[in-house]
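Single-structure report; data block below.
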Amino acid sequence: MLFWHVPAPNEALLISGSKSRAGDAQFRIVTGHGRWVMPVKQKASLLSLSLREAEISEDCVTQQGIRLAVRAVAVFKVGDDHPSIANAARRFLDEQATMEELVGRIFAGHLRSIVGGLTVEQIIRERDRVAQEVKEGSHSEMEKLGIVVDALQIQEIGDTSGYITNLAAPHAAAVASAARIAEAKADQEATEREQQAAALKAEYERDTAIKRAGFLAETEQYNARAAQAGPLSQARASQEVIEEQTALAERQASLAAQRLEAEVRRPADAEAYRVRTLAEAQRDQVRFEADARAYTERAIAQARADANNAVAASLRDGNQELIAANRTVENLPALAQAAAEGISGSRLTVLNGTDGVNEIVSGIVGQGLAILDNLKQGSGGAAPLADGAGGVPQKLTKLTQDGSGSGSGSGSGSGG
């Protein structure tokens, strides 16, 4: 509004012409809020409270008489309190643009006085001390001006006579020597490191080449195995087929052998055993028949001899019984022959071989002799000698015709 004035945050509103005052000031100070200003009767002015900077570049002489070019910078502003604003308004309200130059000159004077009481070494080593002494020396003056110094820094110290350069020469030489030594050591270490790195690189390349060769060999080996896998599998399959065929052939051969054993060999052995058994039986039968005939002939011959002896004796003694016996003996061959024919025509089983045949023949002859004894007892010593055909008794003739008088003989075992 036309009569309403509001200062900015970094400004102070100064109203003159009013009866009210701020302390000893002859004008009203307003900050942070607006104020009515009566035209013609009152006048409003603005004082900047912003931060300002003053550069200081001054040739100073030290305690040792050495000229130094010192460059510094001061950061200041008008104080925020009403007394500082009032002091600054009285002095710089119409000359706010020249405030930096005026403050810079004040700081330059204090800087020269402070540097003149110090040595070059102290100034170089203790820059903060120089800045602090300059601020403290100008404090009263800055307070009268209503200015607050926020910072003062020594930026550069120039040596026009070369004193600082000469002062730093020994240290620079030592530093340069140490630098050269360090550089040499660094070069040596770098060379050693490079050699070690080269050796490690060569070793790594060698190991890599060896491993690559091993991998290549393994790859080729696997490729060869893969290439041979098909033929090997086929060969193994063929081998397995051959083994199965061999096993099948062995099983077939075993089966054929078992079939031959069951169908040919065993029946052949049985047939051979049957034929052999029949042949042995026939052989034994022929042998038994021959033995029987021989024994019969021997018995007949012996009987004839005994009969002849008895006849001869009876004739000498006139014994009729012996004569009858002689007749009986004369018919004994016919009796034995009839018995032999009966045996030969019958189915006779001889268990004990030749002894069995002998027992049979002995039985037949014994039966004849028993018949003879019966005849003797029945006739009272003079029984008729010819009851049947050929002079053979009827009982003996019936035995002969039956053919089974002693048709079976027994022994202890089978013959042959």
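Chain labels A, B, ... are given in the sequence in which chains occur in the structure tokens; within each chain residues are numbered consecutively from 1, and ligands are likewise numbered from 1 in the order shown.
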Write down as a PyMOL selection string the residues belonging to range 38-287 of chain A that are assigned strand (DSSP E or B) by DSSP computed on the backbone. chain A and resi 43-48+52-61+67-78+147-159
Can you tell me, as a ChimeraX atom specification, what residues are no more than 9 Å from range 159-169 of chain A when counting only C-alpha atoms, ignoring any on the same chain fewer than 6 positions away? /A:66-70,120-121
Same residues, C-alpha atoms, saved as a short mmCIF file (atom, residue, chain, number, x, y, z; two decimals), in the first residue's frame:
```
data_model
loop_
_atom_site.label_atom_id
_atom_site.label_comp_id
_atom_site.auth_asym_id
_atom_site.auth_seq_id
_atom_site.Cartn_x
_atom_site.Cartn_y
_atom_site.Cartn_z
CA ILE A 66 60.92 -8.15 5.62
CA ARG A 67 58.23 -6.89 3.31
CA LEU A 68 55.29 -9.25 2.78
CA ALA A 69 52.26 -8.89 0.52
CA VAL A 70 49.31 -10.08 2.58
CA VAL A 120 57.74 -14.25 9.11
CA GLU A 121 57.85 -17.69 10.69
#
```
Would you list the contacts of Thr62 in chain A as a list in words, taking every protein, DNA or RNA residue within 7 Å and counting only C-alpha atoms, but skipping same-chain residues closer than 5 positions in sequence?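 The residues satisfying every condition are Arg67, Val115, Gly116, Gly117, Leu118, Thr119 and Val120 of chain A.
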Would you compute the distance between CA of Glu205 in chain A and CA of Ala224 in chain A? Give it in Å to one decimal.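 Interatomic distance here is 27.6 Å.
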Among range 59-257 of chain A, which ones does DSSP assign to helix (DSSP H, G or I) (computed from the backbone)? Answer as a count of residues only. 150
Two-atom distance - CA of Arg298 in chain A, CA of Glu280 in chain A (Å): 26.3 Å
How many Å separate CA of Gln228 in chain A from CA of Gln245 in chain A? 25.0 Å
Residues within 6 Å of range 10-18 of chain A, only C-alpha atoms, excluding chain neighbours under 2 positions, as a PDB file with N, CA, C and O atoms, in the first residue's frame:
```
ATOM      1  N   PRO A   7       9.515  -3.847   5.717  1.00  0.00           N
ATOM      2  CA  PRO A   7      10.902  -4.118   5.356  1.00  0.00           C
ATOM      3  C   PRO A   7      11.114  -5.602   5.046  1.00  0.00           C
ATOM      4  O   PRO A   7      10.411  -6.468   5.533  1.00  0.00           O
ATOM      5  N   ALA A   8      12.114  -5.873   4.223  1.00  0.00           N
ATOM      6  CA  ALA A   8      12.478  -7.266   3.917  1.00  0.00           C
ATOM      7  C   ALA A   8      13.164  -7.890   5.126  1.00  0.00           C
ATOM      8  O   ALA A   8      13.573  -7.185   6.065  1.00  0.00           O
ATOM      9  N   SER A  20       7.921   9.280  18.662  1.00  0.00           N
ATOM     10  CA  SER A  20       8.451   8.106  19.371  1.00  0.00           C
ATOM     11  C   SER A  20       9.857   7.821  18.906  1.00  0.00           C
ATOM     12  O   SER A  20      10.187   7.963  17.728  1.00  0.00           O
ATOM     13  N   PHE A  27      14.970   8.430  15.596  1.00  0.00           N
ATOM     14  CA  PHE A  27      14.077   7.842  14.583  1.00  0.00           C
ATOM     15  C   PHE A  27      13.640   6.475  15.086  1.00  0.00           C
ATOM     16  O   PHE A  27      14.242   5.895  16.003  1.00  0.00           O
ATOM     17  N   ARG A  28      12.575   6.003  14.513  1.00  0.00           N
ATOM     18  CA  ARG A  28      12.014   4.704  14.888  1.00  0.00           C
ATOM     19  C   ARG A  28      12.607   3.638  13.967  1.00  0.00           C
ATOM     20  O   ARG A  28      12.706   3.832  12.749  1.00  0.00           O
ATOM     21  N   ILE A  29      13.007   2.497  14.583  1.00  0.00           N
ATOM     22  CA  ILE A  29      13.572   1.353  13.832  1.00  0.00           C
ATOM     23  C   ILE A  29      12.538   0.238  13.834  1.00  0.00           C
ATOM     24  O   ILE A  29      12.060  -0.191  14.891  1.00  0.00           O
ATOM     25  N   VAL A  30      12.188  -0.250  12.643  1.00  0.00           N
ATOM     26  CA  VAL A  30      11.204  -1.327  12.496  1.00  0.00           C
ATOM     27  C   VAL A  30      11.855  -2.470  11.709  1.00  0.00           C
ATOM     28  O   VAL A  30      12.374  -2.255  10.600  1.00  0.00           O
ATOM     29  N   THR A  31      11.818  -3.682  12.273  1.00  0.00           N
ATOM     30  CA  THR A  31      12.324  -4.884  11.587  1.00  0.00           C
ATOM     31  C   THR A  31      11.312  -6.003  11.760  1.00  0.00           C
ATOM     32  O   THR A  31      10.707  -6.175  12.816  1.00  0.00           O
ATOM     33  N   GLN A  42       6.175  12.184   8.064  1.00  0.00           N
ATOM     34  CA  GLN A  42       7.192  11.169   8.365  1.00  0.00           C
ATOM     35  C   GLN A  42       7.922  10.768   7.074  1.00  0.00           C
ATOM     36  O   GLN A  42       7.372  10.898   5.969  1.00  0.00           O
ATOM     37  N   LYS A  43       9.157  10.263   7.296  1.00  0.00           N
ATOM     38  CA  LYS A  43       9.965   9.808   6.173  1.00  0.00           C
ATOM     39  C   LYS A  43      10.486   8.399   6.472  1.00  0.00           C
ATOM     40  O   LYS A  43      10.991   8.155   7.574  1.00  0.00           O
ATOM     41  N   ALA A  44      10.439   7.504   5.527  1.00  0.00           N
ATOM     42  CA  ALA A  44      10.865   6.102   5.690  1.00  0.00           C
ATOM     43  C   ALA A  44      12.110   5.849   4.855  1.00  0.00           C
ATOM     44  O   ALA A  44      12.189   6.229   3.686  1.00  0.00           O
ATOM     45  N   SER A  45      13.099   5.203   5.480  1.00  0.00           N
ATOM     46  CA  SER A  45      14.336   4.807   4.777  1.00  0.00           C
ATOM     47  C   SER A  45      14.640   3.345   5.113  1.00  0.00           C
ATOM     48  O   SER A  45      14.280   2.829   6.192  1.00  0.00           O
ATOM     49  N   LEU A  46      15.392   2.690   4.234  1.00  0.00           N
ATOM     50  CA  LEU A  46      15.736   1.257   4.408  1.00  0.00           C
ATOM     51  C   LEU A  46      17.245   1.113   4.522  1.00  0.00           C
ATOM     52  O   LEU A  46      18.007   1.693   3.721  1.00  0.00           O
ATOM     53  N   LEU A  47      17.678   0.330   5.534  1.00  0.00           N
ATOM     54  CA  LEU A  47      19.102   0.022   5.730  1.00  0.00           C
ATOM     55  C   LEU A  47      19.275  -1.488   5.550  1.00  0.00           C
ATOM     56  O   LEU A  47      18.603  -2.284   6.208  1.00  0.00           O
ATOM     57  N   SER A  48      20.199  -1.860   4.666  1.00  0.00           N
ATOM     58  CA  SER A  48      20.428  -3.289   4.375  1.00  0.00           C
ATOM     59  C   SER A  48      21.187  -3.946   5.523  1.00  0.00           C
ATOM     60  O   SER A  48      22.191  -3.386   6.005  1.00  0.00           O
ATOM     61  N   LEU A  49      20.687  -5.075   5.911  1.00  0.00           N
ATOM     62  CA  LEU A  49      21.358  -5.899   6.942  1.00  0.00           C
ATOM     63  C   LEU A  49      22.053  -7.118   6.323  1.00  0.00           C
ATOM     64  O   LEU A  49      22.410  -8.049   7.030  1.00  0.00           O
ATOM     65  N   SER A  50      22.263  -7.100   5.030  1.00  0.00           N
ATOM     66  CA  SER A  50      22.847  -8.251   4.330  1.00  0.00           C
ATOM     67  C   SER A  50      24.322  -8.396   4.642  1.00  0.00           C
ATOM     68  O   SER A  50      24.989  -7.434   5.085  1.00  0.00           O
TER      69      SER A  50
END
```
